[in-house]
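Q: First, the structure itself, so that you have it in front of you.
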Amino acid sequence: MPEYAVAGAIFNEERNRLSNNENFFYTAFTMNDAMQIMRIKNSNSPDIDWNNEVVDLTTDQQTDDFYRRKEPNFIHVDPDDDQVLYMSGRLQGAGSLIRFAKNDGDIRWWAKFKLLSNIYAFAYGTDDNLFVCGDYQPSEKEEVAENGGITDSAPYEDVEF
Amino acid sequence: MILIGGNTTSDDFAPASNEHGFLMAIDTSGNYQWGKFFYNVSYALSDIQGCQMSSEGNSLTLIGLGNSQPVIMSI
């Protein structure tokens, strides 16, 4: 069986106005070394409507290397465009925010915050701003190398890579 | 109310000390309102990692792990 990890990304859209008001789940998780982002019909036959796989650009590093860590923590709606979703969390070892289209999963942009190790919370402001919060662990890469694996400090204890 | 999901190994709250997913609610004053554990047996749910209200607020959607596989629940 593949090795799965979930990190919290889930959203249920009760009625999609561009798809005959169908009901969908949007979710993401990791399966082995790849992240799967998908839309699933919320029906008696919960078929996967579309699926994107996010893979590592290189496999030169160990699978638990800082650079290969990925955690889909949240999926949330753009308050100004109901056909767009954000996914916030971690990609390529850095706090990341992805903006993608609901109906086909096309990624419109991906923001990688190089001085943020992960995103743990988000909030929408009243002025069109989206705020994200996270942490930065500048010594992490060295710690991993020294210890020969994943450190036991947060946030890694709940996720396997 | 504020809804919180997670993982418990308490044999006071859940039936045994192995992993069980749980969901609880507190009000905005911090008072405990209700809590529920999920069995980790036949329809296993060992952890809840995320919960979010649906788009129109009619249900709560959960994502967690059961038998080491992703599980989605709508309640």
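Just so we're on the same page: first chain in the structure tokens is A, next is B, and so on; residues restart at 1 for each chain, and ligands are numbered from 1 in the order they show up.
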I want to know what sits within 8 Å of region 84-89 of chain A, based on only C-alpha atoms, with residues of the same chain fewer than 3 positions away left out; could you give that as a list in words?
A: Ala9, Lys70, Glu71, Pro72, Asn73, Phe74, Ile75, His76, Val77, Asp78, Asp81, Gly95, Ser96, Leu97, Ile98, Arg99, Phe100, Ala101, Lys102, Asn118, Ile119 and Tyr120 of chain A
Q: Please produce a file of those selected residues containing N, CA and C atoms, as an mmCIF file, in the first residue's frame.
A:
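The new file selection-v1.cif reads:
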```
data_model
loop_
_atom_site.group_PDB
_atom_site.id
_atom_site.type_symbol
_atom_site.label_atom_id
_atom_site.label_comp_id
_atom_site.auth_asym_id
_atom_site.auth_seq_id
_atom_site.Cartn_x
_atom_site.Cartn_y
_atom_site.Cartn_z
ATOM 1 N N ALA A 9 -5.992 19.734 4.192
ATOM 2 C CA ALA A 9 -6.604 20.422 3.057
ATOM 3 C C ALA A 9 -7.918 19.750 2.672
ATOM 4 N N LYS A 70 6.529 18.441 1.578
ATOM 5 C CA LYS A 70 5.330 19.087 1.060
ATOM 6 C C LYS A 70 4.144 18.767 1.956
ATOM 7 N N GLU A 71 3.380 19.775 2.323
ATOM 8 C CA GLU A 71 2.226 19.588 3.195
ATOM 9 C C GLU A 71 1.079 20.480 2.727
ATOM 10 N N PRO A 72 -0.011 19.898 2.260
ATOM 11 C CA PRO A 72 -1.180 20.693 1.891
ATOM 12 C C PRO A 72 -2.052 20.945 3.127
ATOM 13 N N ASN A 73 -1.910 22.092 3.740
ATOM 14 C CA ASN A 73 -2.572 22.335 5.029
ATOM 15 C C ASN A 73 -4.006 22.845 4.898
ATOM 16 N N PHE A 74 -4.252 23.707 3.911
ATOM 17 C CA PHE A 74 -5.597 24.295 3.781
ATOM 18 C C PHE A 74 -5.967 24.441 2.312
ATOM 19 N N ILE A 75 -7.264 24.289 2.028
ATOM 20 C CA ILE A 75 -7.826 24.707 0.751
ATOM 21 C C ILE A 75 -8.930 25.696 1.083
ATOM 22 N N HIS A 76 -8.863 26.889 0.501
ATOM 23 C CA HIS A 76 -9.832 27.927 0.856
ATOM 24 C C HIS A 76 -10.197 28.747 -0.372
ATOM 25 N N VAL A 77 -11.392 29.318 -0.328
ATOM 26 C CA VAL A 77 -11.967 30.009 -1.488
ATOM 27 C C VAL A 77 -11.466 31.450 -1.553
ATOM 28 N N ASP A 78 -11.233 31.904 -2.778
ATOM 29 C CA ASP A 78 -10.960 33.324 -2.968
ATOM 30 C C ASP A 78 -12.278 34.080 -2.769
ATOM 31 N N ASP A 81 -13.542 35.686 -6.032
ATOM 32 C CA ASP A 81 -13.738 34.894 -7.251
ATOM 33 C C ASP A 81 -14.091 33.471 -6.829
ATOM 34 N N GLY A 95 7.165 27.546 2.768
ATOM 35 C CA GLY A 95 5.778 27.982 2.853
ATOM 36 C C GLY A 95 5.300 28.414 1.477
ATOM 37 N N SER A 96 4.154 27.892 1.062
ATOM 38 C CA SER A 96 3.707 28.117 -0.313
ATOM 39 C C SER A 96 2.218 28.381 -0.367
ATOM 40 N N LEU A 97 1.844 29.136 -1.373
ATOM 41 C CA LEU A 97 0.438 29.443 -1.624
ATOM 42 C C LEU A 97 0.197 29.214 -3.110
ATOM 43 N N ILE A 98 -0.788 28.374 -3.415
ATOM 44 C CA ILE A 98 -1.101 28.064 -4.808
ATOM 45 C C ILE A 98 -2.510 28.564 -5.098
ATOM 46 N N ARG A 99 -2.649 29.227 -6.214
ATOM 47 C CA ARG A 99 -3.976 29.665 -6.661
ATOM 48 C C ARG A 99 -4.342 28.812 -7.876
ATOM 49 N N PHE A 100 -5.488 28.132 -7.796
ATOM 50 C CA PHE A 100 -5.858 27.247 -8.908
ATOM 51 C C PHE A 100 -7.349 27.321 -9.195
ATOM 52 N N ALA A 101 -7.695 26.934 -10.414
ATOM 53 C CA ALA A 101 -9.085 26.991 -10.869
ATOM 54 C C ALA A 101 -9.851 25.774 -10.357
ATOM 55 N N LYS A 102 -11.094 26.019 -9.933
ATOM 56 C CA LYS A 102 -11.899 24.916 -9.404
ATOM 57 C C LYS A 102 -12.221 23.861 -10.452
ATOM 58 N N ASN A 118 6.771 26.868 6.575
ATOM 59 C CA ASN A 118 5.448 26.284 6.417
ATOM 60 C C ASN A 118 4.417 27.357 6.717
ATOM 61 N N ILE A 119 3.196 27.132 6.266
ATOM 62 C CA ILE A 119 2.075 28.041 6.569
ATOM 63 C C ILE A 119 1.089 27.282 7.440
ATOM 64 N N TYR A 120 0.787 27.848 8.592
ATOM 65 C CA TYR A 120 -0.091 27.169 9.546
ATOM 66 C C TYR A 120 -1.445 27.850 9.727
#
```
Q: Counting only C-alpha atoms, which residues from chain B have an atom at most 12 Å from any atom of chain A, and could you show them as a ChimeraX atom specification?
A: /B:4-7,46-75
Q: As number ranges by chain, please: every residue in region 17-117 of chain A that a backbone DSSP assignment puts in strand (DSSP E).
A: A: 22-31, 34-41, 48-54, 71-78, 81-91, 94-101, 107-113
Q: Kindly indicate which residue among A:Met35, A:Pro79, A:Ile40, A:Asn51 lies nearest to Leu91 (chain A), using only C-alpha atoms for the distances.
A: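 For Leu91 (chain A), the nearest of the given residues is A:Met35.
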Q: Which distance in Å separates CA of Gly21 (chain B) and CA of Ile2 (chain B), to one decimal?
A: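 Computing it gives 17.1 Å between the two atoms.
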Q: When you look at Leu116 (chain A) with a cut-off of 9 Å (counting only C-alpha atoms), what residues show up, excluding the ones that are within fewer than 2 positions of it in the same chain? I need them as a PyMOL selection string.
A: chain A and resi 90+93-96+112-114+118-119+133-138
Q: Can I get the selection written as a short mmCIF file (atom, residue, chain, number, x, y, z; two decimals), in the first residue's frame, with C-alpha atoms?
A:
```
data_model
loop_
_atom_site.label_atom_id
_atom_site.label_comp_id
_atom_site.auth_asym_id
_atom_site.auth_seq_id
_atom_site.Cartn_x
_atom_site.Cartn_y
_atom_site.Cartn_z
CA ARG A 90 4.45 23.78 2.11
CA GLY A 93 10.40 22.80 1.72
CA ALA A 94 9.03 26.34 1.81
CA GLY A 95 5.78 27.98 2.85
CA SER A 96 3.71 28.12 -0.31
CA LYS A 112 6.92 30.18 -2.61
CA PHE A 113 8.01 32.06 0.50
CA LYS A 114 11.69 31.32 0.80
CA ASN A 118 5.45 26.28 6.42
CA ILE A 119 2.07 28.04 6.57
CA CYS A 133 1.27 32.87 9.11
CA GLY A 134 3.96 30.27 9.60
CA ASP A 135 7.41 29.63 10.96
CA TYR A 136 10.97 29.76 9.75
CA GLN A 137 13.59 27.23 10.71
CA PRO A 138 16.84 28.42 9.18
#
```
Q: Can you work out the spacing between CA of Ala111 (chain A) and CA of Gln92 (chain A) in Å, to one decimal?
A: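 We find that CA of Ala111 (chain A) and CA of Gln92 (chain A) lie 11.3 Å from each other.
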Q: Between CA of Asn103 (chain A) and CA of Val55 (chain A), what distance in Å does the model show, to one decimal?
A: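 CA of Asn103 (chain A) sits 21.2 Å away from CA of Val55 (chain A).
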Q: Based on DSSP run over this structure's backbone, return all residues of chain A in alpha helix (DSSP H), as a list in words.
A: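 Taking chain A and keeping alpha helix (DSSP H) gives Glu140, Lys141, Glu142, Glu143, Val144, Ala145, Glu146 and Asn147 of chain A.
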